[in-house]
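Q: Before I ask anything, let me first share the structure, which is written out below as structure tokens.
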Amino acid sequence: GQSLEQPSEVTAVEGAIVQINCTYQTSGFYGLSWYQQHDGGAPTFLSYNALDGLEETGRFSSFLSRSDSYGYLLLQELQMKDSASYFCAVRAFGGNTPLVFGKGTRLSVIA
Amino acid sequence: GAVVSQHPSWVICKSGTSVKIECRSLDFQATTMFWYRQFPKQSLMLMATSNEGSKATYEQGVEKDKFLINHASLTLSTLTVTSAHPEDSSFYICSAPTQDYEQYFGPGTRLTVT
């Protein structure tokens, strides 16, 4: 089977840095993606790691270690609008195959 | 990036009726689309894989006779919830992968069955 583990909730202060971890156990692995979802909205793509290392996109960075089946999303200079749910998702197989999602981490940014 | 649309964005229907949800890839062709369902405060759960020109593939536990999927063209997939019941009330989201296999999600359809 496929499973992804991430913390259910995280609270951080505006302007701070927060890291959301994700460990996965899947029968195959082609890459780890991160999505942001605000209440009532659809998931929006944040980042994708296929290879080990750090990918940086503005205030967001994502890291992958395939040997550890582990990745994280790093959010810097937190803003109130970053309060949302964050999902890690694995593409377990190649080609047009669906993503397997973690249960999501609810991030609350407080003043 | 690529754009995926869904229609309607929300729908309220009476128990026992059927509801059709459309998913369109607006600026790319998608031979495959995915349908997910999300209950409040839960993750996205894959319901089925929609394949243009062939039958959909359903995940275990998803009734194919209740959730009818038709991939009519390279840009359109439809999900029909037949004989809807209150427990079918959920947020239904489609996604479509582009040629580089990146997935783009539609805005979702919130279904409420009364």
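Each chain in the structure tokens gets a letter, A, B, ..., in the order shown, and its residues are numbered from 1; ligands are numbered from 1 in order too.
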Provide as number ranges by chain the residues of chain A at most 7 Å from chain B, counting only C-alpha atoms.
A: A: 41-43, 95-96, 98, 101-104
Q: Report, in Å to a single decimal, how far apart atom CA of B:Lys20 and atom CA of B:Thr78 are.
A: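 So the two atoms, atom CA of B:Thr78 and atom CA of B:Lys20, lie 6.7 Å apart.
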Q: Quick one: residues within 10 Å of A:Gln25, only C-alpha atoms counted, chain neighbours fewer than 3 positions away excluded, as a list of chain:residue names?
A: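 Residues near the query, excluding close chain neighbours: A:Gly1, A:Gln2, A:Ser3, A:Leu4, A:Glu5, A:Gly28, A:Phe29, A:Ser69, A:Tyr70, A:Val90, A:Ala92.
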Q: Kindly save the residues from that selection, with N, CA and C atoms included, as a PDB file, in the first residue's frame.
A:
```
ATOM      1  N   GLY A   1       0.820  -1.197   0.000  1.00  0.00           N
ATOM      2  CA  GLY A   1       0.000   0.000   0.000  1.00  0.00           C
ATOM      3  C   GLY A   1       0.851   1.243   0.000  1.00  0.00           C
ATOM      4  N   GLN A   2       0.172   2.349   0.015  1.00  0.00           N
ATOM      5  CA  GLN A   2       0.863   3.634   0.003  1.00  0.00           C
ATOM      6  C   GLN A   2       0.450   4.399   1.250  1.00  0.00           C
ATOM      7  N   SER A   3       1.400   5.025   1.907  1.00  0.00           N
ATOM      8  CA  SER A   3       1.057   5.879   3.045  1.00  0.00           C
ATOM      9  C   SER A   3       2.020   7.035   3.134  1.00  0.00           C
ATOM     10  N   LEU A   4       1.493   8.174   3.513  1.00  0.00           N
ATOM     11  CA  LEU A   4       2.294   9.370   3.740  1.00  0.00           C
ATOM     12  C   LEU A   4       1.917   9.932   5.104  1.00  0.00           C
ATOM     13  N   GLU A   5       2.921  10.284   5.882  1.00  0.00           N
ATOM     14  CA  GLU A   5       2.691  10.806   7.218  1.00  0.00           C
ATOM     15  C   GLU A   5       3.174  12.244   7.298  1.00  0.00           C
ATOM     16  N   GLY A  28       6.283   2.583  -5.227  1.00  0.00           N
ATOM     17  CA  GLY A  28       7.160   3.177  -6.224  1.00  0.00           C
ATOM     18  C   GLY A  28       7.332   4.647  -5.896  1.00  0.00           C
ATOM     19  N   PHE A  29       8.278   5.277  -6.572  1.00  0.00           N
ATOM     20  CA  PHE A  29       8.483   6.709  -6.288  1.00  0.00           C
ATOM     21  C   PHE A  29       9.035   7.401  -7.513  1.00  0.00           C
ATOM     22  N   SER A  69      13.237   8.367   2.494  1.00  0.00           N
ATOM     23  CA  SER A  69      11.792   8.470   2.193  1.00  0.00           C
ATOM     24  C   SER A  69      11.185   9.630   2.963  1.00  0.00           C
ATOM     25  N   TYR A  70      11.821  10.762   2.824  1.00  0.00           N
ATOM     26  CA  TYR A  70      11.490  11.922   3.661  1.00  0.00           C
ATOM     27  C   TYR A  70      11.621  13.196   2.866  1.00  0.00           C
ATOM     28  N   VAL A  90       2.712  11.961  -3.343  1.00  0.00           N
ATOM     29  CA  VAL A  90       3.716  11.182  -4.063  1.00  0.00           C
ATOM     30  C   VAL A  90       3.152  10.704  -5.395  1.00  0.00           C
ATOM     31  N   ALA A  92       3.620   7.782  -7.393  1.00  0.00           N
ATOM     32  CA  ALA A  92       4.258   6.494  -7.114  1.00  0.00           C
ATOM     33  C   ALA A  92       4.677   5.759  -8.383  1.00  0.00           C
TER      34      ALA A  92
END
```
Q: Looking at only C-alpha atoms, which of A:Gly40, A:Gly15, A:Gly53, A:Gly31 is the one that sits closest to A:Leu78?
A: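 Closest to A:Leu78, using only C-alpha atoms: A:Gly15.
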Q: Which of these, B:Leu111, B:Ala84, B:Val3, B:Cys23, has the shortest distance to B:Asn70 once you count only C-alpha atoms?
A: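 Looking at the shortest contact to B:Asn70, the residue is B:Cys23.
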Q: Any idea what's packed within 8 Å of A:Leu64, counting only C-alpha atoms, ignoring anything in its chain fewer than 4 positions away? Could you give it as an NGL selection string?
A: :A and (32 or 49-54 or 69-72)
